>>> print(open('model.tsv').read())   # TSV, C-alpha atoms and all ligand atoms
chain	number	residue	atom	x	y	z
A	9	MET	CA	0.00	0.00	0.00
A	10	ARG	CA	2.75	2.46	0.91
A	11	PRO	CA	4.68	2.13	-2.38
A	12	LEU	CA	1.46	2.96	-4.22
A	13	LEU	CA	0.75	5.97	-2.00
A	14	GLU	CA	4.31	7.16	-2.58
A	15	ALA	CA	3.92	6.67	-6.34
A	16	TRP	CA	0.74	8.75	-6.27
A	17	GLU	CA	2.44	11.49	-4.28
A	18	LEU	CA	5.45	11.61	-6.61
A	19	GLY	CA	3.34	11.45	-9.75
A	20	SER	CA	0.77	14.13	-8.89
A	21	GLY	CA	1.21	16.95	-11.39
A	22	GLN	CA	3.51	14.86	-13.61
A	23	PRO	CA	2.68	14.09	-17.27
A	24	PRO	CA	0.76	10.82	-17.83
A	25	PRO	CA	3.72	8.72	-19.13
A	26	SER	CA	5.65	9.46	-15.92
A	27	GLN	CA	2.61	8.55	-13.83
A	28	MET	CA	2.33	5.20	-15.67
A	29	LEU	CA	5.97	4.45	-15.00
A	30	LEU	CA	5.56	5.22	-11.29
A	31	LEU	CA	2.56	2.86	-11.06
A	32	LEU	CA	4.52	0.07	-12.76
A	33	MET	CA	7.50	0.67	-10.47
A	34	ALA	CA	5.28	0.62	-7.36
A	35	ALA	CA	3.72	-2.68	-8.45
A	36	ALA	CA	7.01	-4.37	-9.30
A	37	PRO	CA	9.70	-3.02	-6.98
A	38	THR	CA	12.14	-5.74	-8.01
A	39	VAL	CA	11.98	-4.76	-11.68
A	40	GLY	CA	14.46	-2.01	-12.51
A	41	ALA	CA	13.29	1.32	-13.94
A	42	ASP	CA	15.60	0.72	-16.93
A	43	GLU	CA	13.67	-2.40	-17.88
A	44	LEU	CA	10.32	-0.60	-17.60
A	45	LEU	CA	11.58	2.35	-19.64
A	46	ARG	CA	12.40	-0.03	-22.51
A	47	LEU	CA	8.83	-1.38	-22.73
A	48	THR	CA	6.78	-0.30	-25.72
A	49	PRO	CA	3.58	1.66	-24.97
A	50	GLY	CA	1.55	-1.49	-25.71
A	51	GLN	CA	3.63	-3.63	-23.36
A	52	CYS	CA	3.23	-0.91	-20.74
A	53	ASP	CA	-0.57	-0.85	-21.24
A	54	ALA	CA	-0.75	-4.67	-21.00
A	55	ARG	CA	0.91	-4.47	-17.57
A	56	LEU	CA	-1.35	-1.59	-16.53
A	57	LEU	CA	-4.39	-3.68	-17.52
A	58	ASN	CA	-3.10	-6.46	-15.27
A	59	LEU	CA	-2.70	-4.01	-12.41
A	60	ARG	CA	-6.17	-2.56	-12.92
A	61	GLU	CA	-7.65	-6.06	-12.78
A	62	GLN	CA	-5.61	-6.97	-9.72
A	63	TRP	CA	-6.41	-3.77	-7.78
A	64	PHE	CA	-9.96	-2.92	-8.87
A	65	GLY	CA	-11.26	-5.98	-10.77
A	66	PRO	CA	-11.91	-6.63	-14.47
A	67	LYS	CA	-15.15	-4.65	-14.83
A	68	LEU	CA	-15.30	-0.94	-15.57
A	69	GLU	CA	-18.20	1.49	-15.98
A	70	ALA	CA	-17.43	4.21	-18.52
A	71	LEU	CA	-19.42	7.38	-19.20
A	72	ALA	CA	-19.28	9.31	-22.48
A	73	ASP	CA	-21.39	11.98	-24.16
A	74	CYS	CA	-23.04	10.96	-27.44
A	75	PRO	CA	-21.44	13.05	-30.22
A	76	HIS	CA	-24.80	13.26	-32.02
A	77	CYS	CA	-27.45	14.08	-29.36
A	78	GLY	CA	-25.33	14.82	-26.28
A	79	GLU	CA	-26.97	12.13	-24.15
A	80	THR	CA	-24.68	10.64	-21.48
A	81	VAL	CA	-24.05	7.02	-22.41
A	82	GLU	CA	-22.98	4.37	-19.93
A	83	ALA	CA	-20.90	1.42	-21.05
A	84	ALA	CA	-19.96	-1.67	-19.06
A	85	ILE	CA	-16.47	-2.72	-20.13
A	86	ASP	CA	-14.82	-6.04	-19.36
A	87	LEU	CA	-11.07	-5.40	-19.42
A	88	ARG	CA	-10.44	-9.02	-20.44
A	89	SER	CA	-12.03	-8.24	-23.80
A	90	LEU	CA	-9.44	-5.52	-24.48
A	91	ARG	CA	-6.43	-7.84	-24.59
A	92	GLN	CA	-4.57	-7.56	-27.88
A	93	ALA	CA	-2.05	-9.76	-29.62
A	94	ALA	CA	1.57	-9.30	-28.61
A	95	THR	CA	3.72	-6.52	-29.99
A	96	GLU	CA	5.56	-7.23	-33.27
A	97	PRO	CA	8.37	-5.12	-34.68
A	98	PRO	CA	7.08	-2.92	-37.54
A	99	THR	CA	7.45	-4.31	-41.04
A	100	ASP	CA	9.36	-2.36	-43.66
A	101	GLY	CA	7.73	0.89	-44.71
A	102	PRO	CA	8.67	4.27	-46.19
A	103	VAL	CA	11.42	4.79	-43.59
A	104	ARG	CA	13.03	2.55	-41.01
A	105	ALA	CA	11.90	3.21	-37.46
A	106	ARG	CA	11.93	1.20	-34.25
A	107	LEU	CA	8.90	1.09	-31.95
A	108	PRO	CA	8.78	3.81	-29.30
A	109	THR	CA	9.38	2.98	-25.65
A	110	CYS	CA	8.07	4.38	-22.37
A	111	GLU	CA	11.25	6.41	-22.17
A	112	ASP	CA	10.42	8.05	-25.52
A	113	LEU	CA	6.88	8.87	-24.34
A	114	ILE	CA	8.24	10.54	-21.22
A	115	ALA	CA	10.75	12.49	-23.30
A	116	VAL	CA	8.09	13.95	-25.62
A	117	ALA	CA	5.38	14.50	-22.99
A	118	ALA	CA	5.92	18.27	-23.08
A	119	ALA	CA	4.91	18.53	-26.76
A	120	PRO	CA	2.41	21.38	-27.26
A	121	ASP	CA	0.04	19.32	-29.44
A	122	VAL	CA	-0.56	15.78	-30.73
A	123	GLN	CA	1.06	16.25	-34.16
A	124	THR	CA	4.18	17.84	-32.69
A	125	GLY	CA	4.34	15.02	-30.13
A	126	ARG	CA	4.17	12.42	-32.92
A	127	ARG	CA	6.92	14.18	-34.86
A	128	TRP	CA	9.20	14.40	-31.81
A	129	LEU	CA	8.52	10.74	-31.06
A	130	LEU	CA	9.30	9.61	-34.60
A	131	THR	CA	12.45	11.68	-34.72
A	132	ARG	CA	13.67	9.67	-31.72
A	133	CYS	CA	12.67	6.36	-33.33
A	134	LEU	CA	13.97	6.89	-36.87
A	135	GLU	CA	16.95	4.76	-37.71
A	136	ASP	CA	18.12	7.15	-40.44
A	137	ASP	CA	18.57	10.86	-39.91
A	138	GLN	CA	16.14	12.46	-42.34
A	139	GLU	CA	13.45	15.09	-42.74
A	140	ILE	CA	9.92	13.65	-42.78
A	141	SER	CA	6.70	15.19	-44.03
A	142	ASP	CA	3.44	15.24	-42.07
A	143	ASP	CA	2.08	12.47	-44.33
A	144	VAL	CA	5.01	10.23	-43.49
A	145	VAL	CA	4.57	11.04	-39.78
A	146	ASP	CA	0.93	9.90	-40.03
A	147	ALA	CA	1.85	6.77	-42.02
A	148	ILE	CA	4.54	5.66	-39.58
A	149	SER	CA	2.35	6.44	-36.56
A	150	ALA	CA	-0.38	4.21	-38.03
A	151	ARG	CA	2.15	1.42	-38.72
A	152	MET	CA	3.48	1.67	-35.17
A	153	ALA	CA	-0.06	1.42	-33.79
A	154	GLU	CA	-0.60	-1.77	-35.85
A	155	SER	CA	2.66	-3.21	-34.57
A	156	ASP	CA	1.89	-2.39	-30.94
A	157	PRO	CA	-1.89	-2.94	-30.81
A	158	GLN	CA	-2.31	-2.91	-27.04
A	159	ALA	CA	-1.38	0.80	-27.10
A	160	ALA	CA	-4.16	1.63	-29.58
A	161	VAL	CA	-7.24	0.00	-28.01
A	162	GLU	CA	-10.62	1.58	-28.74
A	163	ILE	CA	-13.97	0.87	-27.15
A	164	GLY	CA	-17.19	0.83	-29.18
A	165	LEU	CA	-20.16	2.79	-27.83
A	166	GLU	CA	-23.77	3.02	-28.90
A	167	CYS	CA	-26.25	5.70	-27.85
A	168	PRO	CA	-29.54	4.13	-26.66
A	169	ASP	CA	-31.40	7.38	-27.47
A	170	CYS	CA	-30.41	8.09	-31.08
A	171	GLY	CA	-28.60	4.88	-32.09
A	172	ARG	CA	-25.33	6.61	-33.02
A	173	GLU	CA	-22.31	4.28	-32.82
A	174	TRP	CA	-18.80	5.60	-32.25
A	175	SER	CA	-15.54	4.62	-30.67
A	176	LEU	CA	-13.12	6.19	-28.22
A	177	PRO	CA	-9.49	5.46	-27.39
A	178	PHE	CA	-9.25	3.43	-24.20
A	179	GLU	CA	-6.40	4.85	-22.13
A	180	VAL	CA	-5.90	2.36	-19.34
A	181	GLY	CA	-3.08	4.37	-17.77
A	182	SER	CA	-5.15	7.54	-17.31
A	183	ILE	CA	-8.11	5.55	-15.97
A	184	LEU	CA	-5.94	3.67	-13.51
A	185	TRP	CA	-4.23	6.87	-12.38
A	186	GLN	CA	-7.63	8.48	-11.63
A	187	GLU	CA	-8.71	5.43	-9.67
A	188	VAL	CA	-5.48	5.28	-7.70
A	189	SER	CA	-5.83	9.03	-6.97
A	190	ALA	CA	-9.36	8.54	-5.62
A	191	TRP	CA	-8.17	5.57	-3.52
A	192	ALA	CA	-5.23	7.60	-2.14
A	193	VAL	CA	-7.49	10.51	-1.16
A	194	ASP	CA	-9.89	8.06	0.57
A	195	THR	CA	-6.97	6.46	2.39
A	196	PHE	CA	-5.67	9.78	3.69
A	197	ARG	CA	-9.20	10.77	4.71
A	198	ASP	CA	-9.41	7.57	6.79
A	199	VAL	CA	-6.01	8.37	8.30
A	200	SER	CA	-7.23	11.85	9.21
A	201	VAL	CA	-10.39	10.53	10.90
A	202	LEU	CA	-8.53	7.90	12.94
A	203	ALA	CA	-5.66	10.23	13.86
A	204	ALA	CA	-8.15	12.81	15.15
A	205	ALA	CA	-10.13	10.18	17.09
A	206	TYR	CA	-7.31	8.11	18.61
A	207	GLY	CA	-4.17	10.22	18.29
A	208	TRP	CA	-2.39	7.49	16.28
A	209	SER	CA	0.37	8.38	13.83
A	210	GLU	CA	-0.08	8.15	10.06
A	211	SER	CA	2.40	5.29	10.00
A	212	ASP	CA	0.48	3.28	12.64
A	213	ILE	CA	-2.80	3.78	10.81
A	214	LEU	CA	-1.34	2.74	7.45
A	215	ASP	CA	-0.06	-0.43	9.10
A	216	LEU	CA	-3.59	-1.52	10.09
A	217	SER	CA	-5.14	-4.23	7.94
A	218	PRO	CA	-8.05	-2.98	5.78
A	219	ALA	CA	-10.54	-4.95	7.91
A	220	ARG	CA	-9.24	-3.53	11.18
A	221	ARG	CA	-9.11	0.00	9.79
A	222	GLN	CA	-12.71	-0.31	8.61
A	223	LEU	CA	-13.79	-1.54	12.04
A	224	TYR	CA	-12.21	1.44	13.80
A	225	LEU	CA	-13.78	3.83	11.29
A	226	GLU	CA	-17.20	2.34	12.06
A	227	MET	CA	-16.55	2.74	15.80
A	228	VAL	CA	-15.61	6.39	15.33
A	229	ALA	CA	-18.78	6.94	13.30
A	230	GLY	CA	-20.74	5.41	16.18
B	301	ZN	ZN	-27.27	9.96	-29.11
>>> encode(input="model.tsv", output="structure tokens")
Amino acid sequence: MRPLLEAWELGSGQPPPSQMLLLLMAAAPTVGADELLRLTPGQCDARLLNLREQWFGPKLEALADCPHCGETVEAAIDLRSLRQAATEPPTDGPVRARLPTCEDLIAVAAAPDVQTGRRWLLTRCLEDDQEISDDVVDAISARMAESDPQAAVEIGLECPDCGREWSLPFEVGSILWQEVSAWAVDTFRDVSVLAAAYGWSESDILDLSPARRQLYLEMVAG
């Protein structure tokens, strides 16, 4: 529990790729950061899916606004259905490029917009030093997404009111970060209640088992 709270504290205000890395590091303290930085975005997302299942279960309720009528649409997502085939190196295309890694994503996180971010990313991944047009940027980005499908998962939605069907990118890292943030805030709220009631230290309260902590919270509530 503490490594995850520390990851949340360190990652608050950081760009999403850094937050993902912190979650992966908290979950696997014996795996070196170097190894995690070399994962492709799809390999990273596959591990984040595992963590989401392990920490919060395989089911997820998503809310989205219908792009046609504006109705809020609820979707029940089973994370197990979002598993993609393993990552394959890209086949030959207009230029030679390796797949990006988590380290590349962190390095380009400050890009001012999506297209600039893609260009910065590709520049890092190109095996030959050359100028590339926007069309080539788009073509290679698409080829990379095909080669690393777990990083490009979309969920299909259908509006029950107007029947419109559309899809949205499923960003497991952002979802997991939001959930971990909510859990961390709840945890610190519990700590605050018990510290005020019993005078215990934060460290003592975090050492309580979840069942025992819940029992004390119920006693405080009367
Ligand atoms: Zn609609």
>>> closest_residue(input="model.tsv", among="A:Arg172, A:Arg55, A:Arg132, A:Arg106", to="ligand ZN 301 (chain B)", atoms="only C-alpha atoms and all ligand atoms")
A:Arg172
>>> closest_residue(input="model.tsv", among="A:Glu210, A:Asp86, A:Asp137, A:Glu43", to="A:Arg10", atoms="only C-alpha atoms")
A:Glu210
>>> atom_distance(input="model.tsv", atom1="atom CA of A:Ala204", atom2="atom CA of A:Gly19")
27.5 Å
>>> closest_atom_pairs(input="model.tsv", of="chain A", to="ligand ZN 301 (chain B)", cutoff="9 Å", atoms="all atoms listed in the file", output="Markdown table")
| residue | atom | partner | partner_atom | distance |
| --- | --- | --- | --- | --- |
| A:Asp73 | CA | B:ZN301 | ZN | 7.9 |
| A:Cys74 | CA | B:ZN301 | ZN | 4.7 |
| A:Pro75 | CA | B:ZN301 | ZN | 6.7 |
| A:His76 | CA | B:ZN301 | ZN | 5.0 |
| A:Cys77 | CA | B:ZN301 | ZN | 4.1 |
| A:Gly78 | CA | B:ZN301 | ZN | 5.9 |
| A:Glu79 | CA | B:ZN301 | ZN | 5.4 |
| A:Thr80 | CA | B:ZN301 | ZN | 8.1 |
| A:Val81 | CA | B:ZN301 | ZN | 8.0 |
| A:Glu166 | CA | B:ZN301 | ZN | 7.8 |
| A:Cys167 | CA | B:ZN301 | ZN | 4.6 |
| A:Pro168 | CA | B:ZN301 | ZN | 6.7 |
| A:Asp169 | CA | B:ZN301 | ZN | 5.1 |
| A:Cys170 | CA | B:ZN301 | ZN | 4.2 |
| A:Gly171 | CA | B:ZN301 | ZN | 6.0 |
| A:Arg172 | CA | B:ZN301 | ZN | 5.5 |
| A:Glu173 | CA | B:ZN301 | ZN | 8.4 |
>>> atom_distance(input="model.tsv", atom1="atom CA of A:Leu165", atom2="atom CA of A:Gln92")
18.7 Å
>>> axis_aligned_box(input="model.tsv", around="stretch 184-188 of chain A", padding_each_side="8 Å", output="JSON")
{"center_x": -6.5, "center_y": 6.1, "center_z": -10.6, "size_x": 20.5, "size_y": 20.8, "size_z": 21.8}
>>> atom_distance(input="model.tsv", atom1="atom CA of A:Leu107", atom2="atom CA of A:Gly164")
26.2 Å
>>> residues_around(input="model.tsv", residues="A:Ala229", least_positions_apart="6", cutoff="12 Å", atoms="all atoms listed in the file", output="list in words")
Asp198, Val201, Leu202, Ala205, Gln222 and Leu223 of chain A
>>> residues_around(input="model.tsv", residues="A:Ala203", least_positions_apart="6", cutoff="12 Å", atoms="all atoms listed in the file", output="JSON, numbers by chain")
{"A": [196, 197, 209, 210, 211, 212, 213, 214, 221, 224, 225, 228]}
>>> closest_residue(input="model.tsv", among="A:Leu30, A:Leu87, A:Val103, A:Leu129", to="A:Val144", atoms="only C-alpha atoms")
A:Val103
>>> closest_residue(input="model.tsv", among="A:Glu162, A:Asp53, A:Asp136, A:Asp156", to="A:Val180", atoms="only C-alpha atoms")
A:Asp53
>>> closest_residue(input="model.tsv", among="A:Val199, A:Ala34, A:Met227, A:Ala147", to="A:Leu130", atoms="only C-alpha atoms")
A:Ala147
>>> closest_residue(input="model.tsv", among="A:Gly21, A:Pro108, A:Pro66, A:Pro11", to="A:Leu45", atoms="only C-alpha atoms")
A:Pro108
>>> residues_around(input="model.tsv", residues="A:Asn58", least_positions_apart="5", cutoff="12 Å", atoms="all atoms listed in the file", output="PyMOL selection string")
chain A and resi 31-32+35-36+51-53+63-66+87-88+90-91+180-181+184
>>> residues_around(input="model.tsv", residues="A:Ser26", least_positions_apart="4", cutoff="12 Å", atoms="all atoms listed in the file", output="PyMOL selection string")
chain A and resi 15-16+18-22+30-33+41+44-45+52+110-118+181-182+185
>>> build_atoms(input="model.tsv", residues="stretch 25-51 of chain A", atoms="N, CA, C and O atoms", output="PDB file, keeping the file's coordinate frame")
ATOM      1  N   PRO A  25       2.764   9.835 -18.992  1.00  0.00           N
ATOM      2  CA  PRO A  25       3.720   8.720 -19.130  1.00  0.00           C
ATOM      3  C   PRO A  25       4.563   8.519 -17.864  1.00  0.00           C
ATOM      4  O   PRO A  25       4.921   7.391 -17.518  1.00  0.00           O
ATOM      5  N   SER A  26       4.876   9.608 -17.163  1.00  0.00           N
ATOM      6  CA  SER A  26       5.650   9.460 -15.920  1.00  0.00           C
ATOM      7  C   SER A  26       4.797   8.812 -14.837  1.00  0.00           C
ATOM      8  O   SER A  26       5.294   8.011 -14.036  1.00  0.00           O
ATOM      9  N   GLN A  27       3.507   9.166 -14.819  1.00  0.00           N
ATOM     10  CA  GLN A  27       2.610   8.550 -13.830  1.00  0.00           C
ATOM     11  C   GLN A  27       2.504   7.052 -14.055  1.00  0.00           C
ATOM     12  O   GLN A  27       2.524   6.254 -13.111  1.00  0.00           O
ATOM     13  N   MET A  28       2.420   6.643 -15.351  1.00  0.00           N
ATOM     14  CA  MET A  28       2.330   5.200 -15.670  1.00  0.00           C
ATOM     15  C   MET A  28       3.556   4.473 -15.160  1.00  0.00           C
ATOM     16  O   MET A  28       3.465   3.402 -14.571  1.00  0.00           O
ATOM     17  N   LEU A  29       4.716   5.090 -15.414  1.00  0.00           N
ATOM     18  CA  LEU A  29       5.970   4.450 -15.000  1.00  0.00           C
ATOM     19  C   LEU A  29       6.006   4.283 -13.479  1.00  0.00           C
ATOM     20  O   LEU A  29       6.405   3.228 -12.971  1.00  0.00           O
ATOM     21  N   LEU A  30       5.558   5.296 -12.753  1.00  0.00           N
ATOM     22  CA  LEU A  30       5.560   5.220 -11.290  1.00  0.00           C
ATOM     23  C   LEU A  30       4.629   4.109 -10.802  1.00  0.00           C
ATOM     24  O   LEU A  30       4.952   3.394  -9.846  1.00  0.00           O
ATOM     25  N   LEU A  31       3.476   3.944 -11.448  1.00  0.00           N
ATOM     26  CA  LEU A  31       2.560   2.860 -11.060  1.00  0.00           C
ATOM     27  C   LEU A  31       3.222   1.512 -11.283  1.00  0.00           C
ATOM     28  O   LEU A  31       3.150   0.615 -10.439  1.00  0.00           O
ATOM     29  N   LEU A  32       3.876   1.355 -12.449  1.00  0.00           N
ATOM     30  CA  LEU A  32       4.520   0.070 -12.760  1.00  0.00           C
ATOM     31  C   LEU A  32       5.665  -0.201 -11.779  1.00  0.00           C
ATOM     32  O   LEU A  32       5.871  -1.336 -11.350  1.00  0.00           O
ATOM     33  N   MET A  33       6.389   0.847 -11.416  1.00  0.00           N
ATOM     34  CA  MET A  33       7.500   0.670 -10.470  1.00  0.00           C
ATOM     35  C   MET A  33       6.967   0.286  -9.083  1.00  0.00           C
ATOM     36  O   MET A  33       7.542  -0.564  -8.401  1.00  0.00           O
ATOM     37  N   ALA A  34       5.852   0.913  -8.680  1.00  0.00           N
ATOM     38  CA  ALA A  34       5.280   0.620  -7.360  1.00  0.00           C
ATOM     39  C   ALA A  34       4.804  -0.830  -7.299  1.00  0.00           C
ATOM     40  O   ALA A  34       4.909  -1.491  -6.267  1.00  0.00           O
ATOM     41  N   ALA A  35       4.281  -1.325  -8.430  1.00  0.00           N
ATOM     42  CA  ALA A  35       3.720  -2.680  -8.450  1.00  0.00           C
ATOM     43  C   ALA A  35       4.797  -3.742  -8.558  1.00  0.00           C
ATOM     44  O   ALA A  35       4.574  -4.884  -8.177  1.00  0.00           O
ATOM     45  N   ALA A  36       5.950  -3.376  -9.093  1.00  0.00           N
ATOM     46  CA  ALA A  36       7.010  -4.370  -9.300  1.00  0.00           C
ATOM     47  C   ALA A  36       8.343  -3.802  -8.828  1.00  0.00           C
ATOM     48  O   ALA A  36       9.197  -3.463  -9.632  1.00  0.00           O
ATOM     49  N   PRO A  37       8.498  -3.686  -7.500  1.00  0.00           N
ATOM     50  CA  PRO A  37       9.700  -3.020  -6.980  1.00  0.00           C
ATOM     51  C   PRO A  37      11.009  -3.736  -7.333  1.00  0.00           C
ATOM     52  O   PRO A  37      12.062  -3.125  -7.301  1.00  0.00           O
ATOM     53  N   THR A  38      10.898  -5.029  -7.697  1.00  0.00           N
ATOM     54  CA  THR A  38      12.140  -5.740  -8.010  1.00  0.00           C
ATOM     55  C   THR A  38      12.561  -5.543  -9.474  1.00  0.00           C
ATOM     56  O   THR A  38      13.674  -5.893  -9.855  1.00  0.00           O
ATOM     57  N   VAL A  39      11.634  -4.997 -10.275  1.00  0.00           N
ATOM     58  CA  VAL A  39      11.980  -4.760 -11.680  1.00  0.00           C
ATOM     59  C   VAL A  39      12.623  -3.372 -11.772  1.00  0.00           C
ATOM     60  O   VAL A  39      12.079  -2.397 -11.256  1.00  0.00           O
ATOM     61  N   GLY A  40      13.756  -3.290 -12.427  1.00  0.00           N
ATOM     62  CA  GLY A  40      14.460  -2.010 -12.510  1.00  0.00           C
ATOM     63  C   GLY A  40      13.737  -1.021 -13.409  1.00  0.00           C
ATOM     64  O   GLY A  40      13.038  -1.411 -14.344  1.00  0.00           O
ATOM     65  N   ALA A  41      13.900   0.272 -13.118  1.00  0.00           N
ATOM     66  CA  ALA A  41      13.290   1.320 -13.940  1.00  0.00           C
ATOM     67  C   ALA A  41      13.778   1.218 -15.388  1.00  0.00           C
ATOM     68  O   ALA A  41      13.021   1.452 -16.332  1.00  0.00           O
ATOM     69  N   ASP A  42      15.049   0.829 -15.569  1.00  0.00           N
ATOM     70  CA  ASP A  42      15.600   0.720 -16.930  1.00  0.00           C
ATOM     71  C   ASP A  42      14.795  -0.247 -17.774  1.00  0.00           C
ATOM     72  O   ASP A  42      14.507   0.002 -18.943  1.00  0.00           O
ATOM     73  N   GLU A  43      14.430  -1.379 -17.148  1.00  0.00           N
ATOM     74  CA  GLU A  43      13.670  -2.400 -17.880  1.00  0.00           C
ATOM     75  C   GLU A  43      12.286  -1.856 -18.262  1.00  0.00           C
ATOM     76  O   GLU A  43      11.806  -2.074 -19.368  1.00  0.00           O
ATOM     77  N   LEU A  44      11.653  -1.148 -17.330  1.00  0.00           N
ATOM     78  CA  LEU A  44      10.320  -0.600 -17.600  1.00  0.00           C
ATOM     79  C   LEU A  44      10.384   0.488 -18.672  1.00  0.00           C
ATOM     80  O   LEU A  44       9.494   0.597 -19.515  1.00  0.00           O
ATOM     81  N   LEU A  45      11.450   1.271 -18.654  1.00  0.00           N
ATOM     82  CA  LEU A  45      11.580   2.350 -19.640  1.00  0.00           C
ATOM     83  C   LEU A  45      11.733   1.807 -21.057  1.00  0.00           C
ATOM     84  O   LEU A  45      11.425   2.483 -22.027  1.00  0.00           O
ATOM     85  N   ARG A  46      12.208   0.564 -21.169  1.00  0.00           N
ATOM     86  CA  ARG A  46      12.400  -0.030 -22.510  1.00  0.00           C
ATOM     87  C   ARG A  46      11.135  -0.681 -23.053  1.00  0.00           C
ATOM     88  O   ARG A  46      11.108  -1.115 -24.201  1.00  0.00           O
ATOM     89  N   LEU A  47      10.081  -0.782 -22.232  1.00  0.00           N
ATOM     90  CA  LEU A  47       8.830  -1.380 -22.730  1.00  0.00           C
ATOM     91  C   LEU A  47       8.216  -0.485 -23.792  1.00  0.00           C
ATOM     92  O   LEU A  47       8.320   0.739 -23.719  1.00  0.00           O
ATOM     93  N   THR A  48       7.527  -1.111 -24.754  1.00  0.00           N
ATOM     94  CA  THR A  48       6.780  -0.300 -25.720  1.00  0.00           C
ATOM     95  C   THR A  48       5.501   0.182 -25.018  1.00  0.00           C
ATOM     96  O   THR A  48       5.097  -0.380 -23.990  1.00  0.00           O
ATOM     97  N   PRO A  49       4.835   1.202 -25.586  1.00  0.00           N
ATOM     98  CA  PRO A  49       3.580   1.660 -24.970  1.00  0.00           C
ATOM     99  C   PRO A  49       2.559   0.533 -24.822  1.00  0.00           C
ATOM    100  O   PRO A  49       1.850   0.466 -23.813  1.00  0.00           O
ATOM    101  N   GLY A  50       2.507  -0.385 -25.799  1.00  0.00           N
ATOM    102  CA  GLY A  50       1.550  -1.490 -25.710  1.00  0.00           C
ATOM    103  C   GLY A  50       1.912  -2.466 -24.593  1.00  0.00           C
ATOM    104  O   GLY A  50       1.037  -2.958 -23.885  1.00  0.00           O
ATOM    105  N   GLN A  51       3.192  -2.736 -24.447  1.00  0.00           N
ATOM    106  CA  GLN A  51       3.630  -3.630 -23.360  1.00  0.00           C
ATOM    107  C   GLN A  51       3.345  -2.981 -22.002  1.00  0.00           C
ATOM    108  O   GLN A  51       2.949  -3.648 -21.045  1.00  0.00           O
TER     109      GLN A  51
END
